[in-house]
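Chemist: I have a structure I would like to understand better, so I am pasting it below and will then ask my questions one at a time.
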Amino acid sequence: MDFVHRYFAGLVSQRRDPRVPEKAEEGCTFDLFFPEAAARLLLSVKPAGVETLSVGGRNMECARYEAWAAAATSAGASGARSRQTLFFSRGDGRLVRRDDYDEAGEKIIQITELAAPDRAGEIADLVIAPPKLDPRKFDWPSGEAMAFRVFAGDRAVGAINIAFRRTSDAAPGREEYEAEAHVDLSVAGARRRERAVTRFDSAMRPVRYSVEGRETVEHEADYSVEFSRRGGSVELRETKKYRRPAGKPDKGGAAGTALPPPDPPDRKLEFPLSEGVFLFDHHRVEHAIALFSQIPLVHDSRVKAGVFLVRRNLPAVVEFYIRDLRRAAGGSEGTRPDGAVWEISSGGVALPGRALLDGNGRLVSFSLVSGGLEMSYVSAAAKPAPGAEARLKSREIPAEGPRPLRPPGW
C-alpha cells in the first residue's frame, strides 16, 4: 500500500497522466490485480489531512487517507466495499498504521506496520534450518509438455503449460534440470501472461529462477523477477513498470478516474538462506512438482520441508501430511478416475492446501487457499474425480498449446 502516499505526495517521479485530478484532495481510484488470488480490486483513496500518532514510544506526523476497496469486474466495481484508514509517515513515506472497519463503520482491526528505528537490529536474517530429505530420483520424461487448467474457486481462469528437461551444461551437483512454464490467466477483465524458467540441482532445489510477464487491467504493466543462489545466500531482483495501452477508453471509479499505481521502486535484496530450501512463487506448478517429487510417499506420515516464497519474501518450514487414498478408502485396490493415489496436504500461512499425485508420484492436481479463495491447478490429462465431471465439462484451456523450450545455450 506504500504507493498511495507516494502517488499523492509525489515522492517518486513518474510520467504525467492527463487524468490525474488537478487537486489531490479530490482523490482517485486505483485499478489493482492480485495474481496470487487471481483477483482484481478497485481501490478508491482520498486524502484526509495530517494527524500525529504515537508509534513505538515517539510521536510521528502522518498523512491520513480514507480508502474503500471493492471487487472489480470488466464492468466496474461489484459487491460490498470495505473501508480502511491509512497513516503514512510524512518523514519517510512508510506505512505507520492501518485501521480496518466493519460494514457498520465500527473499527475492528488496528495494525501498526512500522517499528521504531532503534529496533532495526532485532530483525533476524532469513535463515532457517530446513529438515533434511533423502533425495529421490526425479521421474518426469524430459521435454514432455504438460498442460494444467487453472481455477479460482469454481471459475476457469486460464492455463499453464510446463515442460522439464535435463540440462546439457550441468556440473556435478549443480543445475541438473530446467523447467519452463507459460502462464495465461484472464479474470474480471484482467489478463496476465508470463514466461518463467527455473533451474534445479539434482535434488530439485532451485539454483536460478526468472520470470518475465505482462499484466493488463485498465493499464498494462511489464514485470520481472530474478532469483539466484550462491552458496548460503541468494539474490532477488524484482521490477514492475506501468504503461497505458493505446486505444484503451477512460473509465471512472467511485472517487474519480481509475489509475495505475505509481511504479514501485525496483527491488534488489541479498540475504542468507539455508541450503536445502525449496522454492515457490505465484502460479508456479513446476515448483510444486519439484517439491512433491522429493517427499517420501508413506501412508499416514508427516514430513517437514523448508520452503521460500519468493514474492512474499517468506521462508518457512512446512509440515505435510501424506495419505494413500486407496488405504484411506478402506483398502480398495482400485484408483480414482482422475488417477490420484496419494494426497499431500498442509496447513499454516505459508502453503495451505493439498496436492494429489498418481501412482508414479506425478502431480494430478494442486490447490492453495489465498485470501479465502481456493486456487486450483488441474492436469489437463486427468479425468475428473467422481462428482466433478459435470462441473469441469465447460472449462476449457486456451487453444494455444505448449510452446517449445528455448534452445540449448541460451
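As shown in the C-alpha cells, the chain order sets the letters A, B, ...; within each chain, residues go from 1, and ligands are also counted from 1 in the order they appear.
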Can you list, as an NGL selection string, every protein, DNA or RNA residue that comes within 9 Å of Phe3 (chain A) when you count only C-alpha atoms, leaving out same-chain residues fewer than 4 positions away?

Modeler: :A and (7-8 or 261-264)

Chemist: From the DSSP assignment of the backbone, select every residue of region 262-363 of chain A that is helix (DSSP H, G or I), and format the answer as a list in words.

Modeler: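 These are the residues in question: Val285, Glu286, His287, Ala288, Ile289, Ala290, Leu291, Phe292, Leu325, Arg326, Arg327 and Ala328 of chain A.
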
Chemist: For those residues, write C-alpha atoms to a file as a PDB file, in the first residue's frame.

Modeler:
ATOM      1  CA  VAL A 285       3.093 -25.511 -10.673  1.00  0.00           C
ATOM      2  CA  GLU A 286       6.583 -26.613 -11.696  1.00  0.00           C
ATOM      3  CA  HIS A 287       7.861 -25.614  -8.238  1.00  0.00           C
ATOM      4  CA  ALA A 288       5.118 -27.752  -6.670  1.00  0.00           C
ATOM      5  CA  ILE A 289       6.108 -30.672  -8.917  1.00  0.00           C
ATOM      6  CA  ALA A 290       9.746 -30.350  -7.827  1.00  0.00           C
ATOM      7  CA  LEU A 291       8.828 -30.150  -4.126  1.00  0.00           C
ATOM      8  CA  PHE A 292       6.400 -33.066  -4.089  1.00  0.00           C
ATOM      9  CA  LEU A 325      -6.081 -42.720  -0.852  1.00  0.00           C
ATOM     10  CA  ARG A 326      -6.608 -46.427  -1.551  1.00  0.00           C
ATOM     11  CA  ARG A 327      -5.935 -47.383   2.055  1.00  0.00           C
ATOM     12  CA  ALA A 328      -7.865 -44.399   3.362  1.00  0.00           C
TER      13      ALA A 328
END

Chemist: Tell me, as a VMD selection string, which residues lie within 9 Å of Met204 (chain A), counting only C-alpha atoms; anything in the same chain fewer than 5 positions away does not count.

Modeler: chain A and resid 135 138 175 to 177 199 278 287 290 to 291 293 to 294

Chemist: If you keep C-alpha atoms, can you produce a file of those selected residues as an mmCIF file, in the first residue's frame?

Modeler:
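And here's result.cif as it stands now:
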data_model
loop_
_atom_site.group_PDB
_atom_site.id
_atom_site.type_symbol
_atom_site.label_atom_id
_atom_site.label_comp_id
_atom_site.auth_asym_id
_atom_site.auth_seq_id
_atom_site.Cartn_x
_atom_site.Cartn_y
_atom_site.Cartn_z
ATOM 1 C CA PRO A 135 16.902 -37.162 -2.433
ATOM 2 C CA PHE A 138 13.104 -37.036 -10.348
ATOM 3 C CA GLU A 175 21.904 -27.366 -12.463
ATOM 4 C CA GLU A 176 20.584 -30.766 -13.459
ATOM 5 C CA TYR A 177 17.059 -29.870 -14.566
ATOM 6 C CA ARG A 199 16.915 -24.385 -12.965
ATOM 7 C CA PHE A 278 12.656 -25.429 -1.935
ATOM 8 C CA HIS A 287 7.861 -25.614 -8.238
ATOM 9 C CA ALA A 290 9.746 -30.350 -7.827
ATOM 10 C CA LEU A 291 8.828 -30.150 -4.126
ATOM 11 C CA SER A 293 8.762 -35.230 -6.134
ATOM 12 C CA GLN A 294 11.121 -35.254 -3.128
#

Chemist: Need the shell around Ile295 (chain A): protein/DNA/RNA residues with any atom at most 10 Å away, counting only C-alpha atoms. Skip same-chain ones fewer than 3 positions apart. Format as a short mmCIF file (atom, residue, chain, number, x, y, z; two decimals) with C-alpha atoms, in the first residue's frame?

Modeler:
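Contents of out13.cif, freshly written:
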data_model
loop_
_atom_site.label_atom_id
_atom_site.label_comp_id
_atom_site.auth_asym_id
_atom_site.auth_seq_id
_atom_site.Cartn_x
_atom_site.Cartn_y
_atom_site.Cartn_z
CA LEU A 133 15.04 -35.00 2.92
CA ASP A 134 16.69 -38.01 1.30
CA PRO A 135 16.90 -37.16 -2.43
CA ARG A 136 14.56 -39.12 -4.68
CA ALA A 290 9.75 -30.35 -7.83
CA LEU A 291 8.83 -30.15 -4.13
CA PHE A 292 6.40 -33.07 -4.09
CA VAL A 298 4.44 -43.25 3.08
CA ARG A 302 4.18 -36.41 8.30
CA VAL A 303 7.18 -34.77 6.63
CA LYS A 304 8.64 -31.28 7.07
CA ALA A 305 10.38 -29.29 4.33
CA PHE A 320 2.97 -32.08 5.05
CA ILE A 322 0.70 -37.89 3.37
CA ILE A 344 -0.25 -34.46 0.35
CA GLY A 361 4.29 -39.78 -7.81
#

Chemist: For region 146-154 of chain A, work out the shell of residues within 6 Å, counting only C-alpha atoms and skipping chain neighbours fewer than 5 positions away, then give it as a ChimeraX atom specification.

Modeler: /A:159-162,374-380,397
